[in-house]
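See below for upload20.txt, which holds compact mmCIF, C-alpha atoms.
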```
# COMPACT_ATOMS: atom_id res chain seq x y z
CA MET Q 414 -21.89 12.79 0.82
CA ILE Q 415 -19.70 12.14 -2.25
CA HIS Q 416 -21.11 14.12 -5.17
CA SER Q 417 -18.60 13.29 -7.90
CA LEU Q 418 -15.43 11.32 -8.59
CA PHE Q 419 -12.71 12.34 -11.05
CA LEU Q 420 -9.82 10.13 -12.17
CA ILE Q 421 -6.73 12.10 -13.21
CA ASN Q 422 -3.63 10.58 -14.81
CA ALA Q 423 0.04 11.58 -14.37
CA SER Q 424 -0.23 14.03 -17.30
CA GLY Q 425 -3.06 15.95 -15.58
CA ASP Q 426 -5.85 14.70 -17.88
CA ILE Q 427 -9.27 13.79 -16.46
CA PHE Q 428 -9.93 10.47 -18.18
CA LEU Q 429 -13.03 9.38 -16.22
CA GLU Q 430 -15.70 11.10 -14.17
CA LYS Q 431 -18.75 9.84 -12.31
CA HIS Q 432 -21.53 11.94 -10.73
CA TRP Q 433 -24.05 10.67 -8.18
CA LYS Q 434 -26.18 13.57 -6.94
CA SER Q 435 -25.67 16.38 -9.45
CA VAL Q 436 -23.16 17.08 -12.18
CA VAL Q 437 -20.18 19.03 -10.83
CA SER Q 438 -18.21 20.91 -13.49
CA ARG Q 439 -14.71 19.71 -14.31
CA SER Q 440 -13.49 23.23 -13.56
CA VAL Q 441 -13.55 22.32 -9.84
CA CYS Q 442 -10.39 20.28 -10.53
CA ASP Q 443 -8.50 23.51 -11.29
CA TYR Q 444 -7.98 23.90 -7.53
CA PHE Q 445 -6.47 20.41 -7.48
CA PHE Q 446 -4.16 21.22 -10.41
CA GLU Q 447 -2.95 24.37 -8.62
CA ALA Q 448 -2.09 22.32 -5.52
CA GLN Q 449 -0.40 19.74 -7.75
CA GLU Q 450 1.85 22.42 -9.28
CA ARG Q 451 2.88 23.65 -5.82
CA ALA Q 452 3.78 20.12 -4.64
CA THR Q 453 7.41 19.07 -5.07
CA GLU Q 454 6.51 15.37 -5.43
CA PRO Q 455 3.31 13.73 -6.78
CA GLU Q 456 2.55 12.20 -3.36
CA ASN Q 457 2.90 15.59 -1.63
CA VAL Q 458 -0.41 16.94 -2.99
CA PRO Q 459 -2.59 17.74 0.07
CA PRO Q 460 -5.23 15.00 0.56
CA VAL Q 461 -7.90 17.58 1.45
CA ILE Q 462 -8.24 20.78 -0.60
CA PRO Q 463 -10.95 23.32 0.39
CA THR Q 464 -12.59 25.36 -2.38
CA PRO Q 465 -15.30 28.07 -2.09
CA HIS Q 466 -18.17 25.58 -2.54
CA HIS Q 467 -16.60 22.10 -2.27
CA TYR Q 468 -13.93 20.00 -0.62
CA LEU Q 469 -11.63 17.92 -2.84
CA ILE Q 470 -10.40 14.72 -1.16
CA SER Q 471 -7.87 12.66 -3.10
CA VAL Q 472 -5.60 9.61 -2.98
CA LEU Q 473 -2.74 8.72 -5.33
CA ARG Q 474 -2.52 5.05 -6.33
CA HIS Q 475 -0.75 3.53 -9.33
CA ARG Q 476 0.10 7.01 -10.68
CA ILE Q 477 -3.63 7.89 -10.83
CA TYR Q 478 -5.29 10.53 -8.65
CA PHE Q 479 -8.77 9.55 -7.41
CA VAL Q 480 -10.41 12.89 -6.55
CA ALA Q 481 -13.75 12.92 -4.70
CA VAL Q 482 -15.86 16.10 -4.61
CA ILE Q 483 -17.72 16.78 -1.35
CA GLN Q 484 -20.20 19.61 -0.72
CA SER Q 485 -20.83 19.17 3.00
CA GLU Q 486 -18.42 18.44 5.86
CA VAL Q 487 -17.53 14.75 6.06
CA PRO Q 488 -14.80 12.93 8.05
CA PRO Q 489 -11.95 12.98 5.47
CA LEU Q 490 -10.60 9.57 6.51
CA PHE Q 491 -14.01 8.07 5.72
CA VAL Q 492 -13.77 9.29 2.12
CA ILE Q 493 -10.09 8.34 1.81
CA GLU Q 494 -10.85 4.80 2.99
CA PHE Q 495 -13.66 4.54 0.45
CA LEU Q 496 -11.36 5.70 -2.37
CA HIS Q 497 -8.82 3.05 -1.39
CA ARG Q 498 -11.64 0.47 -1.50
CA VAL Q 499 -12.47 1.61 -5.05
CA VAL Q 500 -8.84 1.12 -6.13
CA ASP Q 501 -8.62 -2.30 -4.45
CA THR Q 502 -11.85 -3.36 -6.17
CA PHE Q 503 -10.55 -2.30 -9.59
CA GLN Q 504 -7.34 -4.22 -8.92
CA ASP Q 505 -9.30 -7.30 -7.86
CA TYR Q 506 -11.52 -7.16 -10.98
CA PHE Q 507 -8.97 -6.23 -13.66
CA GLY Q 508 -5.71 -7.60 -12.21
CA VAL Q 509 -4.13 -4.13 -12.39
CA CYS Q 510 -5.43 -0.63 -11.73
CA THR Q 511 -4.05 1.37 -14.64
CA GLU Q 512 -5.50 3.98 -16.97
CA ALA Q 513 -5.53 1.44 -19.83
CA ALA Q 514 -7.33 -1.22 -17.74
CA ILE Q 515 -9.97 1.28 -16.58
CA LYS Q 516 -10.59 2.52 -20.14
CA ASP Q 517 -10.81 -1.05 -21.50
CA ASN Q 518 -13.41 -1.95 -18.86
CA VAL Q 519 -15.21 1.37 -18.62
CA VAL Q 520 -18.70 -0.19 -18.58
CA VAL Q 521 -17.79 -2.47 -15.65
CA VAL Q 522 -16.17 0.51 -13.88
CA TYR Q 523 -19.39 2.53 -14.06
CA GLU Q 524 -21.45 -0.49 -12.93
CA LEU Q 525 -19.14 -0.98 -9.94
CA LEU Q 526 -19.25 2.68 -8.94
CA GLU Q 527 -23.05 2.63 -9.19
CA GLU Q 528 -23.22 -0.32 -6.76
CA MET Q 529 -20.50 0.90 -4.39
CA LEU Q 530 -22.21 4.26 -3.80
CA ASP Q 531 -25.94 4.83 -3.50
CA ASN Q 532 -26.88 8.51 -3.84
CA GLY Q 533 -23.36 9.38 -2.69
CA PHE Q 534 -23.28 7.05 0.34
CA PRO Q 535 -21.19 3.80 0.49
CA LEU Q 536 -23.36 0.73 -0.01
CA ALA Q 537 -21.54 -2.42 -1.15
CA THR Q 538 -17.75 -2.35 -0.84
CA GLU Q 539 -17.08 -6.04 -0.16
CA SER Q 540 -15.46 -7.82 -3.10
CA ASN Q 541 -17.50 -11.02 -2.57
CA ILE Q 542 -20.81 -9.18 -2.75
CA LEU Q 543 -19.76 -7.09 -5.74
CA LYS Q 544 -18.68 -10.19 -7.68
CA GLU Q 545 -22.15 -11.66 -7.25
CA LEU Q 546 -23.74 -8.37 -8.30
CA ILE Q 547 -21.39 -7.69 -11.23
CA LYS Q 548 -19.51 -10.56 -12.81
CA PRO Q 549 -15.75 -9.90 -13.35
CA PRO Q 550 -14.92 -9.35 -17.04
CA THR Q 551 -13.57 -12.25 -19.09
CA ILE Q 552 -12.83 -12.45 -22.82
CA LEU Q 553 -15.77 -14.83 -23.38
CA ARG Q 554 -18.21 -12.76 -21.32
CA THR Q 555 -17.12 -9.57 -23.10
CA MET Q 556 -17.74 -11.22 -26.51
CA VAL Q 557 -21.18 -12.49 -25.45
CA ASN Q 558 -22.14 -9.06 -24.05
CA THR Q 559 -21.04 -7.39 -27.30
CA ILE Q 560 -23.13 -9.78 -29.44
CA THR Q 561 -26.24 -9.99 -27.24
CA GLY Q 562 -26.17 -6.47 -25.76
CA SER Q 563 -26.37 -7.86 -22.21
CA THR Q 564 -24.36 -6.59 -19.20
CA ASN Q 565 -22.27 -8.10 -16.40
CA VAL Q 566 -24.91 -7.26 -13.79
CA GLY Q 567 -26.19 -10.39 -12.02
CA GLU Q 568 -29.90 -11.28 -12.06
CA GLN Q 569 -30.19 -12.16 -8.36
CA LEU Q 570 -29.47 -10.24 -5.18
CA PRO Q 571 -26.29 -11.59 -3.48
CA THR Q 572 -27.08 -14.07 -0.72
CA GLY Q 573 -24.69 -12.27 1.64
CA GLN Q 574 -26.77 -9.08 1.44
CA LEU Q 575 -29.67 -10.87 3.12
CA SER Q 576 -27.70 -12.48 5.97
CA VAL Q 577 -26.23 -11.25 9.25
CA VAL Q 578 -22.78 -11.95 7.73
CA PRO Q 579 -22.96 -9.71 4.63
CA TRP Q 580 -19.27 -10.19 3.76
CA ARG Q 581 -19.66 -13.95 3.16
CA ARG Q 582 -21.87 -15.66 0.61
CA THR Q 583 -23.75 -18.83 1.54
CA GLY Q 584 -23.19 -22.29 0.10
CA VAL Q 585 -19.40 -21.97 -0.33
CA LYS Q 586 -17.76 -25.28 -1.27
CA TYR Q 587 -14.12 -26.22 -1.88
CA THR Q 588 -12.38 -29.55 -2.47
CA ASN Q 589 -9.19 -28.17 -0.86
CA ASN Q 590 -9.85 -26.17 2.28
CA GLU Q 591 -7.04 -23.75 3.08
CA ALA Q 592 -6.38 -20.53 4.98
CA TYR Q 593 -3.24 -18.43 4.41
CA PHE Q 594 -2.20 -15.32 6.32
CA ASP Q 595 0.55 -12.88 5.30
CA VAL Q 596 2.00 -10.59 7.98
CA VAL Q 597 3.61 -7.72 6.04
CA GLU Q 598 5.43 -4.92 7.87
CA GLU Q 599 6.85 -1.72 6.41
CA ILE Q 600 9.46 0.20 8.37
CA ASP Q 601 9.79 3.99 8.06
CA ALA Q 602 12.93 5.43 9.65
CA ILE Q 603 15.26 8.41 9.62
CA ILE Q 604 18.86 7.71 10.74
CA ASP Q 605 21.27 10.57 11.44
CA LYS Q 606 24.91 10.73 10.31
CA SER Q 607 26.18 9.14 13.54
CA GLY Q 608 23.86 6.13 13.11
CA SER Q 609 21.36 7.15 15.81
CA THR Q 610 17.64 6.73 15.11
CA ILE Q 611 15.76 10.03 14.85
CA THR Q 612 12.34 8.53 14.12
CA ALA Q 613 11.21 4.97 13.43
CA GLU Q 614 7.80 3.40 13.11
CA ILE Q 615 6.23 0.32 11.58
CA GLN Q 616 3.07 0.08 9.49
CA GLY Q 617 1.81 -3.49 9.37
CA VAL Q 618 -1.00 -5.43 7.73
CA ILE Q 619 -2.29 -8.98 7.89
CA ASP Q 620 -3.65 -10.06 4.52
CA ALA Q 621 -5.63 -13.27 4.30
CA CYS Q 622 -6.61 -15.72 1.59
CA VAL Q 623 -9.31 -18.01 3.01
CA LYS Q 624 -10.95 -20.72 0.93
CA LEU Q 625 -13.03 -22.75 3.35
CA THR Q 626 -16.27 -24.66 2.85
CA GLY Q 627 -19.43 -23.68 4.73
CA MET Q 628 -19.51 -21.05 7.48
CA PRO Q 629 -16.28 -21.50 9.52
CA ASP Q 630 -15.59 -19.48 12.66
CA LEU Q 631 -11.87 -18.73 13.10
CA THR Q 632 -9.80 -17.49 16.04
CA LEU Q 633 -6.29 -16.12 15.60
CA SER Q 634 -4.09 -15.46 18.63
CA PHE Q 635 -0.68 -13.78 18.92
CA MET Q 636 2.33 -14.40 21.15
CA ASN Q 637 2.65 -10.65 21.89
CA PRO Q 638 -0.56 -8.79 20.93
CA ARG Q 639 0.29 -5.78 23.15
CA LEU Q 640 2.75 -4.64 20.48
CA LEU Q 641 -0.08 -3.44 18.26
CA ASP Q 642 -1.20 0.22 18.26
CA ASP Q 643 -3.88 1.96 16.20
CA VAL Q 644 -5.40 -1.32 15.03
CA SER Q 645 -7.94 -1.15 12.19
CA PHE Q 646 -10.05 -4.27 11.63
CA HIS Q 647 -12.06 -5.79 8.82
CA PRO Q 648 -15.79 -5.61 9.74
CA CYS Q 649 -15.82 -9.40 10.27
CA VAL Q 650 -13.68 -9.15 13.46
CA ARG Q 651 -15.54 -9.26 16.79
CA PHE Q 652 -14.16 -6.16 18.46
CA LYS Q 653 -15.38 -6.92 22.00
CA ARG Q 654 -13.48 -10.22 22.02
CA TRP Q 655 -10.33 -8.40 20.91
CA GLU Q 656 -10.73 -5.76 23.63
CA ALA Q 657 -11.26 -8.37 26.34
CA GLU Q 658 -8.82 -11.15 25.35
CA ARG Q 659 -6.64 -9.72 22.54
CA ILE Q 660 -7.79 -12.58 20.29
CA LEU Q 661 -9.09 -12.15 16.74
CA SER Q 662 -12.41 -13.99 16.38
CA PHE Q 663 -14.18 -13.79 13.02
CA ILE Q 664 -16.22 -15.48 10.29
CA PRO Q 665 -13.95 -14.78 7.29
CA PRO Q 666 -15.01 -13.47 3.89
CA ASP Q 667 -14.50 -15.90 1.03
CA GLY Q 668 -11.23 -15.30 -0.82
CA ASN Q 669 -8.72 -12.46 -0.38
CA PHE Q 670 -9.22 -9.71 2.21
CA ARG Q 671 -7.26 -7.52 4.65
CA LEU Q 672 -7.92 -8.78 8.15
CA LEU Q 673 -6.29 -5.88 9.98
CA SER Q 674 -3.78 -3.08 9.73
CA TYR Q 675 -1.74 -1.79 12.66
CA HIS Q 676 0.94 0.66 13.69
CA VAL Q 677 3.96 0.29 15.99
CA SER Q 678 5.17 3.75 16.93
CA SER Q 679 7.06 3.11 20.16
CA GLN Q 680 10.62 3.81 19.00
CA ASN Q 681 12.32 1.40 21.42
CA LEU Q 682 10.30 -1.47 19.88
CA VAL Q 683 11.42 -0.72 16.31
CA ALA Q 684 14.53 -2.66 15.29
CA ILE Q 685 16.63 -1.15 12.48
CA PRO Q 686 17.43 -3.98 10.00
CA VAL Q 687 20.53 -2.46 8.30
CA TYR Q 688 23.36 -0.09 9.13
CA VAL Q 689 25.21 2.21 6.74
CA LYS Q 690 28.82 3.32 6.98
CA HIS Q 691 29.30 6.39 4.83
CA ASN Q 692 31.96 8.94 3.98
CA ILE Q 693 30.73 11.49 1.42
CA THR Q 694 32.96 14.55 1.26
CA PHE Q 695 33.32 17.64 -0.94
CA ARG Q 696 36.35 19.91 -0.63
CA GLU Q 697 36.22 23.66 -1.13
CA GLY Q 698 37.88 24.63 -4.42
CA SER Q 699 38.35 21.00 -5.54
CA SER Q 700 36.71 19.55 -8.66
CA GLN Q 701 36.38 16.12 -7.07
CA GLY Q 702 34.42 14.62 -4.20
CA ARG Q 703 34.75 11.33 -2.35
CA PHE Q 704 31.92 8.75 -2.15
CA ASP Q 705 32.30 5.76 0.19
CA LEU Q 706 29.33 3.62 1.25
CA THR Q 707 29.11 0.23 3.00
CA LEU Q 708 25.94 -1.67 3.99
CA GLY Q 709 25.54 -4.35 6.62
CA PRO Q 710 22.73 -6.32 8.33
CA LYS Q 711 21.66 -5.40 11.86
CA GLN Q 712 18.98 -6.90 14.14
CA THR Q 713 17.64 -9.29 11.48
CA MET Q 714 17.42 -12.39 13.74
CA GLY Q 715 19.63 -14.33 11.33
CA LYS Q 716 17.36 -13.69 8.32
CA SER Q 717 18.94 -12.48 5.08
CA VAL Q 718 18.31 -8.97 3.74
CA GLU Q 719 17.26 -9.16 0.07
CA SER Q 720 16.24 -6.92 -2.86
CA VAL Q 721 18.31 -4.05 -1.50
CA LEU Q 722 18.23 -0.87 -3.60
CA VAL Q 723 20.13 2.26 -2.53
CA SER Q 724 19.33 5.63 -4.11
CA SER Q 725 20.64 9.12 -3.46
CA GLN Q 726 19.91 12.53 -4.94
CA LEU Q 727 23.39 14.03 -5.43
CA PRO Q 728 23.98 17.82 -5.44
CA ARG Q 729 23.41 19.78 -8.65
CA GLY Q 730 27.12 20.55 -8.96
CA VAL Q 731 28.01 16.87 -9.53
CA LEU Q 732 28.74 16.22 -13.22
CA ASN Q 733 29.59 12.53 -13.08
CA ALA Q 734 30.28 9.68 -10.66
CA ASN Q 735 33.07 7.15 -11.16
CA LEU Q 736 32.29 4.45 -8.63
CA ASN Q 737 33.27 0.83 -8.07
CA PRO Q 738 30.61 -1.47 -6.52
CA SER Q 739 31.82 -4.63 -4.78
CA GLN Q 740 28.43 -6.16 -5.54
CA GLY Q 741 25.55 -5.35 -7.89
CA THR Q 742 25.39 -2.51 -10.41
CA TYR Q 743 24.96 1.24 -10.15
CA THR Q 744 23.62 3.95 -12.46
CA PHE Q 745 24.02 7.72 -12.34
CA ASP Q 746 21.74 10.05 -14.28
CA PRO Q 747 23.71 13.26 -15.05
CA VAL Q 748 20.45 15.15 -15.77
CA THR Q 749 18.46 14.36 -12.60
CA LYS Q 750 21.66 13.69 -10.52
CA MET Q 751 20.05 10.51 -9.19
CA LEU Q 752 22.42 7.72 -8.13
CA SER Q 753 20.90 4.20 -7.91
CA TRP Q 754 22.72 1.10 -6.69
CA GLU Q 755 21.06 -2.31 -7.04
CA VAL Q 756 22.72 -4.36 -4.32
CA GLY Q 757 20.53 -7.47 -4.23
CA LYS Q 758 21.17 -9.76 -1.26
CA ILE Q 759 23.52 -8.71 1.56
CA ASN Q 760 26.17 -11.30 2.46
CA PRO Q 761 27.23 -10.73 6.11
CA GLN Q 762 30.65 -12.32 5.39
CA LYS Q 763 31.38 -9.92 2.52
CA LEU Q 764 29.60 -6.61 3.03
CA PRO Q 765 28.63 -4.73 -0.16
CA SER Q 766 30.34 -1.39 -0.72
CA LEU Q 767 30.29 1.40 -3.30
CA LYS Q 768 33.44 3.52 -3.48
CA GLY Q 769 34.86 6.09 -5.87
CA THR Q 770 34.98 9.74 -6.83
CA MET Q 771 32.51 12.36 -8.04
CA SER Q 772 33.40 15.00 -10.65
CA LEU Q 773 32.20 18.52 -9.82
CA GLN Q 774 31.76 21.61 -11.94
CA ALA Q 775 34.95 23.68 -12.15
CA GLY Q 776 34.78 26.69 -9.87
CA ALA Q 777 31.53 25.53 -8.26
CA SER Q 778 31.22 26.20 -4.54
CA LYS Q 779 31.07 23.34 -2.07
CA PRO Q 780 27.48 21.95 -1.71
CA ASP Q 781 25.60 23.30 1.29
CA GLU Q 782 24.64 19.87 2.57
CA ASN Q 783 25.49 16.23 1.99
CA PRO Q 784 22.97 14.04 0.12
CA THR Q 785 20.58 11.71 1.95
CA ILE Q 786 20.54 7.98 1.22
CA ASN Q 787 17.24 6.13 0.66
CA ILE Q 788 17.15 2.37 1.09
CA GLN Q 789 14.65 -0.23 -0.10
CA LEU Q 790 14.88 -3.80 1.19
CA LYS Q 791 12.96 -7.00 1.92
CA ILE Q 792 13.39 -9.60 4.67
CA GLN Q 793 11.44 -12.83 4.20
CA GLN Q 794 9.99 -14.84 7.09
CA MET Q 795 10.43 -12.07 9.65
CA ALA Q 796 8.24 -9.38 11.18
CA ILE Q 797 10.60 -6.62 12.33
CA SER Q 798 8.29 -5.70 15.25
CA GLY Q 799 8.62 -9.22 16.67
CA LEU Q 800 4.91 -9.98 16.14
CA LYS Q 801 4.22 -13.72 15.95
CA VAL Q 802 1.04 -15.70 15.41
CA ASN Q 803 0.51 -18.20 18.22
CA ARG Q 804 -2.25 -20.39 16.77
CA LEU Q 805 -5.18 -20.48 14.38
CA ASP Q 806 -8.26 -22.48 15.34
CA MET Q 807 -11.47 -23.23 13.45
CA TYR Q 808 -14.93 -23.92 14.87
CA GLY Q 809 -18.30 -24.68 13.29
CA GLU Q 810 -17.03 -27.13 10.64
CA LYS Q 811 -15.73 -30.69 11.03
CA TYR Q 812 -13.00 -30.86 8.34
CA LYS Q 813 -9.34 -29.98 8.99
CA PRO Q 814 -8.10 -27.12 6.80
CA PHE Q 815 -4.53 -26.51 5.64
CA LYS Q 816 -3.14 -23.43 7.42
CA GLY Q 817 -0.14 -21.27 6.56
CA ILE Q 818 1.45 -18.10 7.98
CA LYS Q 819 4.07 -16.03 6.13
CA TYR Q 820 6.01 -13.02 7.40
CA MET Q 821 7.73 -10.26 5.43
CA THR Q 822 9.44 -6.98 6.29
CA LYS Q 823 10.16 -4.27 3.75
CA ALA Q 824 11.38 -0.69 3.85
CA GLY Q 825 8.95 2.17 3.40
CA LYS Q 826 10.58 5.59 3.68
CA PHE Q 827 13.95 4.52 5.07
CA GLN Q 828 16.38 7.44 5.00
CA VAL Q 829 19.97 7.81 6.19
CA ARG Q 830 21.40 11.31 6.55
CA THR Q 831 25.06 11.86 5.75
```
Represent the structure contained in this file as structure tokens.
Amino acid sequence: MIHSLFLINASGDIFLEKHWKSVVSRSVCDYFFEAQERATEPENVPPVIPTPHHYLISVLRHRIYFVAVIQSEVPPLFVIEFLHRVVDTFQDYFGVCTEAAIKDNVVVVYELLEEMLDNGFPLATESNILKELIKPPTILRTMVNTITGSTNVGEQLPTGQLSVVPWRRTGVKYTNNEAYFDVVEEIDAIIDKSGSTITAEIQGVIDACVKLTGMPDLTLSFMNPRLLDDVSFHPCVRFKRWEAERILSFIPPDGNFRLLSYHVSSQNLVAIPVYVKHNITFREGSSQGRFDLTLGPKQTMGKSVESVLVSSQLPRGVLNANLNPSQGTYTFDPVTKMLSWEVGKINPQKLPSLKGTMSLQAGASKPDENPTINIQLKIQQMAISGLKVNRLDMYGEKYKPFKGIKYMTKAGKFQVRT
């Protein structure tokens, strides 16, 4: 299936490669570099690139391209999901997934890749199993390995590999038993100049941190499970129970894991959390333009909108911007023409605004189109789709665990046209 994996940094250098079946020449990445040059943005590189003898399937995470080389036809999403698992594993082991972290732990990286793929086919991708197979690097363990010449590879086969529940190791014990669930939703929307919604959808995930003794069996129910479309589950979830009753029933892995991801695409179910009043004008023959922007909360169920950042790519003819923010600070880069305004928290009683003038090149023609406004934001303790957890129950163990649910909404690609 997967023949080779290349890791490419933002500068276009291949800083790590791994081959499973046969060595594929680095020259195959030339097709990827050609596609990269044609793309306007780093994330716009096509995920699947056909070449005369191979397919290149890639993901971009943490400014690193993970490029898998395939020789036969394979479902692309299968490979993309595996590449994301590789990145998540590196992040779990090293704290961060950066070029420096990968180079510093290159031996562990190769050991992990050897266990995660067997002859090009995914084998062990669960973090719990991998941590029993290959111990995470620590300063002490690294020193001992350097002196003794030993490796991080464990001496025994993980207990989970031999059970019917391969994602959970046996004999788990904790003094404090707790289960936390984070419902995180990301809203992507395009709003036209009149304030009407052109497109809006929500990508959501439920991340879990479960530290429970023994072999607990959990059930998680929702107030309104019919909201969820395109649901993707962790292998621990019993799918038949979900289909029949819309209840999540599972024996959880030990530690951190993603329980499910979902999609809400029905536009009438997507609430828009902020509104923008804007007046951006350029006059023909004038060397000045007007910039007037006001933000306000909308459909937030009384929750405050925080960490607001507004950015806009102004036309090339703009030389400078002389603006006055009522709240926060703004920066304008005269080279890239990027305007950024750090708003912070929106106060509904005193709405933040950014007003002023823009200086244009003398004699320059009026810009063909007005700039678009991109917004980033966070809303704590709220799922914008209205999804709510009803209850969490545990069976199979006699102790009472501590349970916690947290909600958060943030903006993905949230764009307002002016």
Using only C-alpha atoms, determine which residues lie at most 8 Å from range 421-424 of chain Q, disregarding the query and same-chain residues fewer than 5 positions distant; provide the list as a PyMOL selection string. chain Q and resi 429+476-480+512
Shell around range 714-727 of chain Q at 9 Å using only C-alpha atoms, local window under 2 positions removed, as a ChimeraX atom specification: /Q:686-687,710-712,729-731,749-761,783-795
What would the file look like if the residues just selected were written as an mmCIF file, in the coordinates of the input with C-alpha atoms?
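And here is the file that came out, out36.cif:
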```cif
data_model
loop_
_atom_site.group_PDB
_atom_site.id
_atom_site.type_symbol
_atom_site.label_atom_id
_atom_site.label_comp_id
_atom_site.auth_asym_id
_atom_site.auth_seq_id
_atom_site.Cartn_x
_atom_site.Cartn_y
_atom_site.Cartn_z
ATOM 1 C CA PRO Q 686 17.430 -3.980 10.000
ATOM 2 C CA VAL Q 687 20.530 -2.460 8.300
ATOM 3 C CA PRO Q 710 22.730 -6.320 8.330
ATOM 4 C CA LYS Q 711 21.660 -5.400 11.860
ATOM 5 C CA GLN Q 712 18.980 -6.900 14.140
ATOM 6 C CA ARG Q 729 23.410 19.780 -8.650
ATOM 7 C CA GLY Q 730 27.120 20.550 -8.960
ATOM 8 C CA VAL Q 731 28.010 16.870 -9.530
ATOM 9 C CA THR Q 749 18.460 14.360 -12.600
ATOM 10 C CA LYS Q 750 21.660 13.690 -10.520
ATOM 11 C CA MET Q 751 20.050 10.510 -9.190
ATOM 12 C CA LEU Q 752 22.420 7.720 -8.130
ATOM 13 C CA SER Q 753 20.900 4.200 -7.910
ATOM 14 C CA TRP Q 754 22.720 1.100 -6.690
ATOM 15 C CA GLU Q 755 21.060 -2.310 -7.040
ATOM 16 C CA VAL Q 756 22.720 -4.360 -4.320
ATOM 17 C CA GLY Q 757 20.530 -7.470 -4.230
ATOM 18 C CA LYS Q 758 21.170 -9.760 -1.260
ATOM 19 C CA ILE Q 759 23.520 -8.710 1.560
ATOM 20 C CA ASN Q 760 26.170 -11.300 2.460
ATOM 21 C CA PRO Q 761 27.230 -10.730 6.110
ATOM 22 C CA ASN Q 783 25.490 16.230 1.990
ATOM 23 C CA PRO Q 784 22.970 14.040 0.120
ATOM 24 C CA THR Q 785 20.580 11.710 1.950
ATOM 25 C CA ILE Q 786 20.540 7.980 1.220
ATOM 26 C CA ASN Q 787 17.240 6.130 0.660
ATOM 27 C CA ILE Q 788 17.150 2.370 1.090
ATOM 28 C CA GLN Q 789 14.650 -0.230 -0.100
ATOM 29 C CA LEU Q 790 14.880 -3.800 1.190
ATOM 30 C CA LYS Q 791 12.960 -7.000 1.920
ATOM 31 C CA ILE Q 792 13.390 -9.600 4.670
ATOM 32 C CA GLN Q 793 11.440 -12.830 4.200
ATOM 33 C CA GLN Q 794 9.990 -14.840 7.090
ATOM 34 C CA MET Q 795 10.430 -12.070 9.650
#
```
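A straight line drawn from CA of Asn733 in chain Q to CA of Thr831 in chain Q is 19.4 Å long.
A straight line drawn from CA of Asp705 in chain Q to CA of Pro765 in chain Q is 11.1 Å long.
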Residues within 9 Å of Val500 in chain Q, only C-alpha atoms, excluding chain neighbours under 3 positions, as an MDAnalysis selection string: chainID Q and resid 474 479 495:497 503:505 510
Excluding Arg671 in chain Q and its own-chain neighbours fewer than 4 positions away, which residues fall within 12 Å of it when counting only C-alpha atoms? Please give them as JSON, numbers by chain. {"Q": [498, 501, 539, 540, 593, 594, 595, 596, 597, 617, 618, 619, 620, 621, 622, 623, 645, 646, 647, 648, 649, 650, 665, 666, 667, 675]}
Here is a test: counting only C-alpha atoms, which residue of Q:Asp605, Q:Thr511, Q:Thr502, Q:Val748 is nearest to Met529 in chain Q? Q:Thr502
Quick one: everything within 10 Å of range 464-471 of chain Q, counting only C-alpha atoms, minus sequence neighbours fewer than 3 positions away in the same chain. Send it as a VMD selection string. chain Q and resid 415 to 420 437 441 to 445 458 to 461 474 478 to 487 489 to 490 492 to 493 496 to 497
For a cut-off of 12 Å around (16.7, 8.6, 15.4), file coordinates, pick out all residues using all atoms listed in the file and list them as a PDB file with C-alpha atoms, in the coordinates of the input.
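point_8.pdb, freshly written:
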```
ATOM      1  CA  ASP Q 601       9.790   3.990   8.060  1.00  0.00           C
ATOM      2  CA  ALA Q 602      12.930   5.430   9.650  1.00  0.00           C
ATOM      3  CA  ILE Q 603      15.260   8.410   9.620  1.00  0.00           C
ATOM      4  CA  ILE Q 604      18.860   7.710  10.740  1.00  0.00           C
ATOM      5  CA  ASP Q 605      21.270  10.570  11.440  1.00  0.00           C
ATOM      6  CA  LYS Q 606      24.910  10.730  10.310  1.00  0.00           C
ATOM      7  CA  SER Q 607      26.180   9.140  13.540  1.00  0.00           C
ATOM      8  CA  GLY Q 608      23.860   6.130  13.110  1.00  0.00           C
ATOM      9  CA  SER Q 609      21.360   7.150  15.810  1.00  0.00           C
ATOM     10  CA  THR Q 610      17.640   6.730  15.110  1.00  0.00           C
ATOM     11  CA  ILE Q 611      15.760  10.030  14.850  1.00  0.00           C
ATOM     12  CA  THR Q 612      12.340   8.530  14.120  1.00  0.00           C
ATOM     13  CA  ALA Q 613      11.210   4.970  13.430  1.00  0.00           C
ATOM     14  CA  GLU Q 614       7.800   3.400  13.110  1.00  0.00           C
ATOM     15  CA  GLN Q 680      10.620   3.810  19.000  1.00  0.00           C
ATOM     16  CA  ASN Q 681      12.320   1.400  21.420  1.00  0.00           C
ATOM     17  CA  VAL Q 683      11.420  -0.720  16.310  1.00  0.00           C
ATOM     18  CA  ALA Q 684      14.530  -2.660  15.290  1.00  0.00           C
ATOM     19  CA  ILE Q 685      16.630  -1.150  12.480  1.00  0.00           C
ATOM     20  CA  PHE Q 827      13.950   4.520   5.070  1.00  0.00           C
ATOM     21  CA  GLN Q 828      16.380   7.440   5.000  1.00  0.00           C
ATOM     22  CA  VAL Q 829      19.970   7.810   6.190  1.00  0.00           C
ATOM     23  CA  ARG Q 830      21.400  11.310   6.550  1.00  0.00           C
TER      24      ARG Q 830
END
```
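When only C-alpha atoms are used to compute distances to Thr588 in chain Q, the closest of the residues Q:Lys768, Q:Lys813, Q:Arg703, Q:Lys779 turns out to be Q:Lys813.
Considering the residues Q:Leu525, Q:Leu706, Q:Leu641, Q:Met821 and counting all atoms listed in the file, Asn737 in chain Q has its shortest atom-to-atom contact with Q:Leu706.
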